[in-house]
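Dropping target17.txt in here (compact mmCIF, C-alpha atoms):
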# COMPACT_ATOMS: atom_id res chain seq x y z
CA MET X 1 -33.81 -20.20 16.60
CA VAL X 2 -34.49 -16.49 17.24
CA ASN X 3 -37.34 -15.86 19.65
CA THR X 4 -39.26 -13.12 17.83
CA LYS X 5 -41.36 -12.45 20.94
CA ASN X 6 -38.39 -11.13 22.92
CA CYS X 7 -37.30 -7.51 22.85
CA ILE X 8 -33.80 -7.51 21.35
CA ILE X 9 -32.74 -4.81 23.84
CA ALA X 10 -33.82 -6.75 26.93
CA HIS X 11 -32.73 -10.05 25.35
CA PRO X 12 -29.79 -9.32 22.99
CA ILE X 13 -29.37 -11.73 20.09
CA GLU X 14 -25.92 -13.25 19.88
CA ASN X 15 -23.97 -12.10 16.80
CA LEU X 16 -26.39 -9.23 16.09
CA ASP X 17 -24.21 -6.16 15.58
CA VAL X 18 -26.54 -3.32 16.61
CA SER X 19 -23.68 -0.84 16.11
CA LYS X 20 -24.41 -1.13 12.38
CA TRP X 21 -27.99 -0.14 13.07
CA GLN X 22 -26.78 2.85 15.07
CA GLU X 23 -24.66 4.03 12.15
CA LEU X 24 -27.61 3.54 9.84
CA VAL X 25 -30.14 5.58 11.89
CA ASN X 26 -27.55 8.32 12.33
CA MET X 27 -27.07 8.43 8.57
CA ILE X 28 -30.78 8.62 7.70
CA ALA X 29 -31.37 11.36 10.28
CA GLU X 30 -28.63 13.36 8.56
CA LEU X 31 -29.75 12.54 5.00
CA PHE X 32 -33.35 13.51 5.72
CA ASP X 33 -32.39 16.41 7.98
CA ALA X 34 -34.79 14.89 10.51
CA ALA X 35 -35.09 14.83 14.27
CA SER X 36 -35.06 11.03 14.48
CA GLY X 37 -33.88 8.05 12.50
CA VAL X 38 -35.49 5.08 14.24
CA ILE X 39 -35.76 1.30 14.20
CA VAL X 40 -38.81 0.07 16.11
CA GLN X 41 -39.57 -3.51 17.11
CA TYR X 42 -43.15 -4.68 17.54
CA ARG X 43 -43.78 -7.59 19.90
CA GLN X 44 -46.46 -8.72 22.30
CA GLN X 45 -48.72 -5.69 21.70
CA THR X 46 -45.86 -3.27 22.43
CA PHE X 47 -43.61 -1.08 20.30
CA ASN X 48 -39.99 -0.69 21.41
CA VAL X 49 -37.35 1.67 20.06
CA VAL X 50 -34.29 -0.54 19.53
CA ALA X 51 -32.11 1.99 17.68
CA THR X 52 -32.38 5.76 17.38
CA SER X 53 -30.11 8.47 16.00
CA ASP X 54 -27.85 10.27 18.45
CA ASN X 55 -28.32 13.81 17.13
CA GLN X 56 -29.02 16.43 19.79
CA ASP X 57 -32.55 17.32 18.67
CA ASN X 58 -33.74 13.68 18.78
CA PHE X 59 -36.58 13.30 21.27
CA LEU X 60 -36.64 9.47 21.20
CA GLN X 61 -34.42 7.24 23.31
CA VAL X 62 -33.51 3.58 22.99
CA ASN X 63 -36.04 1.37 24.80
CA SER X 64 -38.80 3.98 24.59
CA SER X 65 -42.06 2.08 24.26
CA TRP X 66 -45.77 2.56 23.72
CA PRO X 67 -48.72 0.17 23.67
CA TRP X 68 -50.66 -1.12 20.69
CA GLU X 69 -53.81 0.61 21.97
CA MET X 70 -52.29 4.04 21.37
CA GLN X 71 -52.82 5.45 17.89
CA SER X 72 -49.40 5.58 16.28
CA PHE X 73 -47.74 5.62 12.88
CA CYS X 74 -45.91 2.37 13.59
CA ARG X 75 -49.22 0.71 14.43
CA ARG X 76 -50.57 1.71 11.03
CA ILE X 77 -47.59 0.03 9.36
CA VAL X 78 -48.30 -3.15 11.29
CA GLU X 79 -51.99 -3.02 10.39
CA THR X 80 -51.42 -2.38 6.68
CA ASN X 81 -48.11 -4.15 6.24
CA ASP X 82 -47.14 -1.25 4.01
CA LYS X 83 -45.09 1.95 4.02
CA LEU X 84 -46.55 5.17 5.43
CA TYR X 85 -45.74 8.80 4.72
CA VAL X 86 -47.45 11.65 6.57
CA LYS X 87 -46.10 15.01 5.38
CA ASN X 88 -47.80 17.23 7.95
CA ALA X 89 -49.54 15.47 10.81
CA LEU X 90 -50.97 18.69 12.26
CA THR X 91 -53.04 19.35 9.15
CA ASP X 92 -53.93 15.69 8.59
CA ASN X 93 -57.43 14.88 9.90
CA GLU X 94 -56.46 11.29 10.70
CA TRP X 95 -53.26 12.10 12.59
CA ALA X 96 -53.75 15.50 14.18
CA CYS X 97 -55.31 13.98 17.32
CA ALA X 98 -52.87 11.06 17.61
CA PRO X 99 -50.92 11.29 20.93
CA PRO X 100 -47.46 11.52 19.26
CA VAL X 101 -48.78 14.65 17.50
CA SER X 102 -51.31 16.23 19.87
CA GLU X 103 -49.25 15.48 22.98
CA GLY X 104 -45.81 15.23 21.40
CA PRO X 105 -43.50 16.89 18.89
CA VAL X 106 -44.12 14.61 15.88
CA ARG X 107 -45.09 16.51 12.74
CA SER X 108 -43.89 14.23 9.94
CA TYR X 109 -43.42 10.50 9.56
CA LEU X 110 -41.98 8.24 6.86
CA GLY X 111 -41.70 4.56 7.63
CA TYR X 112 -41.35 1.12 6.07
CA PRO X 113 -42.17 -2.30 7.54
CA LEU X 114 -39.26 -4.50 8.64
CA TYR X 115 -39.40 -8.28 8.49
CA TRP X 116 -37.78 -11.20 10.26
CA PRO X 117 -36.16 -13.76 7.91
CA ASN X 118 -39.22 -16.03 8.29
CA GLY X 119 -41.47 -13.31 6.89
CA ALA X 120 -42.96 -12.26 10.24
CA LEU X 121 -43.16 -8.54 10.88
CA PHE X 122 -40.25 -7.22 12.95
CA GLY X 123 -41.39 -3.61 13.20
CA SER X 124 -40.64 -0.43 11.31
CA PHE X 125 -37.75 1.57 9.90
CA CYS X 126 -38.64 5.23 9.98
CA VAL X 127 -37.71 8.88 9.80
CA ILE X 128 -39.59 11.09 12.26
CA ASP X 129 -39.42 14.86 12.25
CA THR X 130 -40.63 17.77 14.37
CA LYS X 131 -41.45 19.79 11.27
CA ALA X 132 -43.55 19.22 8.20
CA THR X 133 -41.72 17.63 5.27
CA ASP X 134 -42.06 17.07 1.54
CA TYR X 135 -39.67 14.28 0.62
CA SER X 136 -39.03 13.53 -3.03
CA GLU X 137 -39.89 10.13 -4.48
CA PRO X 138 -36.20 9.14 -4.85
CA LEU X 139 -35.60 10.03 -1.19
CA LYS X 140 -38.59 7.98 -0.06
CA LYS X 141 -37.45 5.02 -2.18
CA MET X 142 -33.96 5.32 -0.73
CA LEU X 143 -35.32 4.71 2.77
CA GLY X 144 -37.04 1.61 1.42
CA GLN X 145 -33.71 0.40 0.07
CA LEU X 146 -31.79 1.20 3.26
CA LYS X 147 -34.16 -0.93 5.34
CA ILE X 148 -32.73 -3.95 3.51
CA ILE X 149 -29.53 -3.43 5.53
CA VAL X 150 -31.47 -4.06 8.76
CA GLU X 151 -33.25 -7.09 7.32
CA SER X 152 -30.02 -8.53 5.92
CA GLU X 153 -28.44 -8.27 9.38
CA LEU X 154 -31.40 -10.11 10.89
CA ARG X 155 -31.14 -12.72 8.15
CA HIS X 156 -27.39 -13.08 8.74
CA VAL X 157 -27.91 -13.66 12.46
CA ALA X 158 -30.76 -16.08 11.81
CA ASN X 159 -28.51 -18.04 9.44
CA ILE X 160 -25.78 -18.23 12.08
CA ILE X 161 -28.28 -19.42 14.69
CA GLU X 162 -29.69 -21.97 12.25
CA ILE X 163 -26.20 -23.26 11.49
CA GLN X 164 -25.43 -23.45 15.21
CA ALA X 165 -28.66 -25.39 15.77
CA LEU X 166 -27.80 -27.78 12.93
CA LEU X 167 -24.31 -28.28 14.34
CA ALA X 168 -25.76 -28.93 17.81
CA GLU X 169 -28.22 -31.41 16.32
CA LYS X 170 -25.39 -33.08 14.41
CA LEU X 171 -23.37 -33.31 17.63
CA VAL X 172 -26.30 -34.96 19.40
CA GLN X 173 -26.69 -37.41 16.52
CA GLU X 174 -22.97 -38.17 16.60
CA GLN X 175 -23.16 -38.76 20.34
CA GLN X 176 -26.14 -41.05 19.82
CA LEU X 177 -24.30 -42.96 17.10
CA LYS X 178 -21.24 -43.17 19.34
CA ALA X 179 -23.42 -44.53 22.13
CA LEU X 180 -24.80 -47.15 19.74
CA ALA X 181 -21.28 -48.02 18.63
CA LEU X 182 -19.69 -48.14 22.08
CA TYR X 183 -22.41 -49.09 24.57
CA ASP X 184 -24.66 -52.08 25.10
CA GLN X 185 -28.18 -50.73 24.59
CA LEU X 186 -29.81 -52.99 27.19
CA THR X 187 -27.49 -52.53 30.17
CA GLN X 188 -25.69 -49.30 29.12
CA CYS X 189 -22.42 -51.08 29.85
CA ALA X 190 -19.50 -50.69 27.49
CA ASN X 191 -19.63 -53.07 24.54
CA ARG X 192 -16.69 -54.92 23.02
CA ASN X 193 -15.68 -51.88 20.92
CA LEU X 194 -15.36 -49.63 23.95
CA LEU X 195 -13.81 -52.45 25.99
CA THR X 196 -11.07 -52.70 23.37
CA GLU X 197 -10.41 -48.94 23.63
CA ARG X 198 -10.27 -49.04 27.43
CA VAL X 199 -7.97 -52.09 27.59
CA ASP X 200 -5.66 -50.59 24.96
CA TYR X 201 -5.52 -47.41 27.03
CA GLN X 202 -4.77 -49.36 30.23
CA ILE X 203 -2.00 -51.26 28.45
CA THR X 204 -0.45 -48.01 27.24
CA GLN X 205 -0.60 -46.51 30.74
CA ALA X 206 0.80 -49.67 32.32
CA LYS X 207 3.72 -49.72 29.89
CA ARG X 208 4.45 -46.05 30.54
CA ASN X 209 4.25 -46.41 34.33
CA GLN X 210 5.60 -49.95 34.51
CA SER X 211 2.46 -50.93 36.42
CA GLN X 212 -0.11 -53.73 36.36
CA PHE X 213 -3.88 -53.98 36.10
CA THR X 214 -6.50 -56.71 36.51
CA LEU X 215 -9.12 -57.94 34.05
CA ILE X 216 -12.10 -59.90 35.41
CA TYR X 217 -14.28 -62.24 33.37
CA LEU X 218 -17.73 -62.86 34.88
CA ASP X 219 -20.32 -65.31 33.55
CA LEU X 220 -23.76 -65.74 35.12
CA ASP X 221 -24.65 -69.23 36.31
CA ASN X 222 -27.81 -70.91 35.06
CA PHE X 223 -29.05 -67.81 33.25
CA LYS X 224 -30.64 -69.76 30.39
CA PRO X 225 -33.28 -71.40 32.66
CA ILE X 226 -34.38 -67.90 33.73
CA ASN X 227 -35.16 -67.02 30.12
CA ASP X 228 -36.78 -70.39 29.50
CA THR X 229 -38.92 -70.28 32.64
CA HIS X 230 -39.86 -66.62 32.97
CA GLY X 231 -39.32 -65.26 29.46
CA HIS X 232 -36.81 -62.95 27.83
CA GLN X 233 -38.31 -59.84 29.41
CA CYS X 234 -37.42 -61.26 32.80
CA GLY X 235 -33.96 -62.10 31.48
CA ASP X 236 -33.46 -58.52 30.29
CA ILE X 237 -34.51 -57.14 33.67
CA VAL X 238 -32.11 -59.50 35.42
CA LEU X 239 -29.22 -58.47 33.14
CA THR X 240 -29.95 -54.80 33.72
CA ALA X 241 -30.13 -55.32 37.48
CA ILE X 242 -26.87 -57.29 37.47
CA ALA X 243 -25.14 -54.50 35.54
CA LYS X 244 -26.32 -51.93 38.09
CA LYS X 245 -25.13 -54.10 40.97
CA LEU X 246 -21.72 -54.59 39.40
CA LYS X 247 -21.32 -50.87 38.71
CA SER X 248 -22.16 -50.10 42.32
CA LEU X 249 -19.35 -52.41 43.44
CA MET X 250 -16.73 -50.85 41.16
CA ARG X 251 -14.74 -47.66 41.20
CA GLU X 252 -15.59 -44.86 38.76
CA THR X 253 -12.24 -45.37 37.06
CA ASP X 254 -13.00 -49.04 36.31
CA THR X 255 -14.84 -50.24 33.18
CA LEU X 256 -17.74 -52.68 33.02
CA ALA X 257 -18.49 -54.24 29.64
CA ARG X 258 -21.07 -56.73 28.45
CA ILE X 259 -19.51 -58.89 25.76
CA GLY X 260 -22.08 -61.69 25.44
CA GLY X 261 -25.58 -62.68 26.46
CA ASP X 262 -24.70 -63.21 30.13
CA GLU X 263 -20.97 -62.43 30.06
CA PHE X 264 -19.39 -59.35 31.60
CA VAL X 265 -15.81 -58.09 31.76
CA ILE X 266 -14.47 -55.67 34.34
CA VAL X 267 -11.24 -53.78 33.72
CA MET X 268 -9.68 -52.53 36.95
CA ASN X 269 -7.16 -49.74 36.39
CA THR X 270 -4.80 -51.26 38.97
CA LYS X 271 -3.83 -54.74 40.11
CA ILE X 272 -6.20 -55.87 42.83
CA ASN X 273 -6.49 -58.67 45.38
CA ASN X 274 -8.34 -61.34 43.42
CA SER X 275 -9.75 -63.09 46.46
CA LYS X 276 -11.16 -59.91 48.02
CA ILE X 277 -12.77 -58.58 44.86
CA LYS X 278 -14.18 -62.01 44.05
CA THR X 279 -15.87 -62.19 47.47
CA LYS X 280 -17.13 -58.62 47.08
CA LEU X 281 -18.64 -59.29 43.67
CA LEU X 282 -20.26 -62.61 44.55
CA ASP X 283 -21.69 -61.24 47.79
CA GLY X 284 -23.04 -58.25 45.90
CA LEU X 285 -24.89 -60.53 43.48
CA LYS X 286 -26.52 -62.63 46.18
CA SER X 287 -29.52 -60.38 46.76
CA PRO X 288 -32.46 -61.65 44.63
CA ILE X 289 -34.02 -59.61 41.84
CA PHE X 290 -37.75 -58.91 41.98
CA TYR X 291 -39.81 -59.57 38.84
CA ASN X 292 -43.61 -59.93 38.56
CA ASP X 293 -44.20 -60.95 42.17
CA ILE X 294 -41.30 -63.42 42.17
CA PHE X 295 -37.69 -63.23 43.30
CA VAL X 296 -35.00 -64.39 40.89
CA SER X 297 -31.60 -65.37 42.31
CA VAL X 298 -28.47 -65.26 40.21
CA SER X 299 -24.90 -66.34 40.91
CA ALA X 300 -21.79 -66.06 38.78
CA SER X 301 -18.47 -67.65 38.00
CA ILE X 302 -15.42 -65.42 37.89
CA GLY X 303 -11.96 -65.57 36.34
CA PHE X 304 -8.99 -63.19 36.61
CA ALA X 305 -6.06 -62.14 34.48
CA THR X 306 -3.28 -59.67 35.31
CA TYR X 307 -1.35 -57.53 32.85
CA PRO X 308 1.41 -58.24 31.91
CA ASP X 309 1.90 -61.49 33.82
CA ASP X 310 -0.98 -63.30 32.08
CA GLY X 311 -0.76 -61.58 28.71
CA GLU X 312 0.12 -58.34 26.95
CA THR X 313 -2.97 -58.05 24.70
CA MET X 314 -6.67 -57.94 25.40
CA GLU X 315 -7.19 -61.26 23.62
CA ALA X 316 -4.56 -62.95 25.74
CA LEU X 317 -5.94 -61.53 28.99
CA LEU X 318 -9.51 -62.51 28.06
CA ALA X 319 -8.39 -66.02 27.21
CA VAL X 320 -6.69 -66.49 30.59
CA ALA X 321 -9.61 -65.00 32.55
CA ASP X 322 -12.13 -67.00 30.52
CA THR X 323 -10.26 -70.24 31.17
CA GLU X 324 -10.22 -69.61 34.92
CA MET X 325 -13.88 -68.60 34.89
CA TYR X 326 -14.85 -71.79 33.06
CA SER X 327 -12.80 -73.88 35.47
CA ASN X 328 -14.62 -72.31 38.42
CA LYS X 329 -17.98 -72.84 36.73
CA THR X 330 -17.18 -76.51 36.09
CA LYS X 331 -16.46 -77.06 39.77
CA LYS X 332 -20.05 -75.98 40.54
CA LEU X 333 -21.61 -78.54 38.23
CA PRO X 334 -23.22 -81.55 39.91
CA VAL X 335 -21.21 -84.80 39.80
CA LEU X 336 -23.03 -87.49 37.77

So, in terms of structure tokens, how does the structure I just supplied come out?
Amino acid sequence: MVNTKNCIIAHPIENLDVSKWQELVNMIAELFDAASGVIVQYRQQTFNVVATSDNQDNFLQVNSSWPWEMQSFCRRIVETNDKLYVKNALTDNEWACAPPVSEGPVRSYLGYPLYWPNGALFGSFCVIDTKATDYSEPLKKMLGQLKIIVESELRHVANIIEIQALLAEKLVQEQQLKALALYDQLTQCANRNLLTERVDYQITQAKRNQSQFTLIYLDLDNFKPINDTHGHQCGDIVLTAIAKKLKSLMRETDTLARIGGDEFVIVMNTKINNSKIKTKLLDGLKSPIFYNDIFVSVSASIGFATYPDDGETMEALLAVADTEMYSNKTKKLPVL
């Protein structure tokens, strides 16, 4: 969105071709045989010249400015929201003492209000001369028609900016939808959809490089009693904490996914020493999790599968790792 409070000279608007404005003010200075063809922006109680004709007798320069408090023709346009024509300022009781006349060379002024696309006043489009004038009605109307060129350029730029904003908003929405589709909303781990993408990618890389990688299946032990005893809010906090712990123990190139209530899968991008990583993960999970003045301890059972020795698809690797995980979990159960 265009910030209408900024001076477009100090803060140029992307895609605004001010060279068109320069051609326009040059043309009206020539058509009206005037000292100055000018586009003025009004903002924050200040008038700024943002385009002015480049003829030799022009006394105004780009970025010339004057305050609202000073009596000026452009101020009158802002006050009335209407066009203004002063044929001879020296003989006009209202304008003879205005600083641009009494202290400057202005003798004639013809101007129209300019508007931003939202209807707010941009400033004025004017012809200023150092001599008295008597423009015909068709000539005055022509200036009113030419100002449309300036407003259409502002509208064009505003449309581009609006489209860019809509595209940016759409991109954010797409990213949010992608996050919903690919990530577990509680733990921010990958979900099964993203896990499938990552495993497929690892399989492709392994085939190309004739390499191996490890998939780890991790299931929390006795998680259900935590929910039953302390409530699901406690369970959610525990799952989130476990995910953070696991991520801290992994490499950035590895993938952590949550595929069930208390089930996680880690995809290592290389083959690893199962015994070492198992010890590292279990030791990392030993520290208790604090919740409502109590400490909750969680352990896990782990299973491993290696591509391609244990399978050449994600389903096959998961099945092998799941079987080993379940076997390890069974060994922990008390003997009746």

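The residue set within 8 Å of Leu249 in chain X, counting all atoms listed in the file and dropping same-chain residues fewer than 5 places from it, reads Lys280, Leu281 and Gly284 of chain X.
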
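Close contacts of Asn88 in chain X, defined as residues with an atom at most 8 Å away when counting only C-alpha atoms, with chain neighbours fewer than 6 positions off set aside, comprise X:Arg107, X:Ser108, X:Lys131, X:Ala132, X:Thr133.
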
- Protein, DNA and RNA residues within 12 Å of (4.4, -61.5, 33.0), only C-alpha atoms, as an MDAnalysis selection string: chainID X and resid 210:213 305:313 316:317

- Please, what distance in Å, to one decimal, runs between CA of Thr52 in chain X and CA of Phe125 in chain X? 10.1 Å

- Task: Excluding range 74-77 of chain X and any residue of its chain fewer than 5 positions from it, enumerate the residues within 10 Å of it, using all atoms listed in the file, and give them as a PyMOL selection string.
- Result: chain X and resi 40-42+45-47+67-69+82-84+109-114+121+123-126

- Message: So that I can see what lies close to range 295-300 of chain X, please list as a ChimeraX atom specification the residues with an atom at most 12 Å from it, counting only C-alpha atoms and leaving out residues fewer than 3 positions away in the same chain.
- Response: /X:216-227,229-230,234-235,237-239,241-242,245-246,262-264,278-279,281-292,303,325-326,328-330,332

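The interatomic distance for the pair CA of Phe32 in chain X and CA of Phe59 in chain X works out to 15.9 Å.
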
- Task: Might you pull out every residue within 10 Å of Asp33 in chain X, with all atoms listed in the file counted and same-chain residues fewer than 3 positions away left off, and present them as number ranges by chain?
- Result: X: 27-30, 36-37, 127-129, 133

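Ranking X:Ser64, X:Ser102, X:Asn273, X:Asn118 by their shortest atom-to-atom distance to Ala158 in chain X, with all atoms listed in the file included, puts X:Asn118 first.
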
- Message: Could you check which residues have any atom within 12 Å of (-36.1, -11.2, 10.3), counting all atoms listed in the file with coordinates taken straight from the file, and then list them as a PyMOL selection string?
- Response: chain X and resi 1-5+8+13+16+41+113-124+147-159

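Between CA of Ser72 in chain X and CA of Ala34 in chain X the interatomic distance comes to 18.3 Å.
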
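Distances here use only C-alpha atoms; by that measure, the residue among X:Asn269, X:Asn55, X:Thr91, X:Gln44 closest to Ala206 in chain X is X:Asn269.
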
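Closest approach to Leu318 in chain X from the set X:Lys141, X:Lys20, X:Lys87, X:Arg192 is made by X:Arg192, with distances taken over only C-alpha atoms.
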
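Distances here use all atoms listed in the file; by that measure, the residue among X:Ile302, X:Leu31, X:Leu182, X:Ala168 closest to Thr323 in chain X is X:Ile302.
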
- Query: Taking all atoms listed in the file into account, which of X:Val267, X:Ala179, X:Leu194, X:Ala89 comes nearest Arg251 in chain X?
  - Reply: X:Val267

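Distance annotation: of X:Ala190, X:Val320, X:Leu143, X:Ile39, the residue with the minimal separation from Ile266 in chain X is X:Ala190; atom set is only C-alpha atoms.
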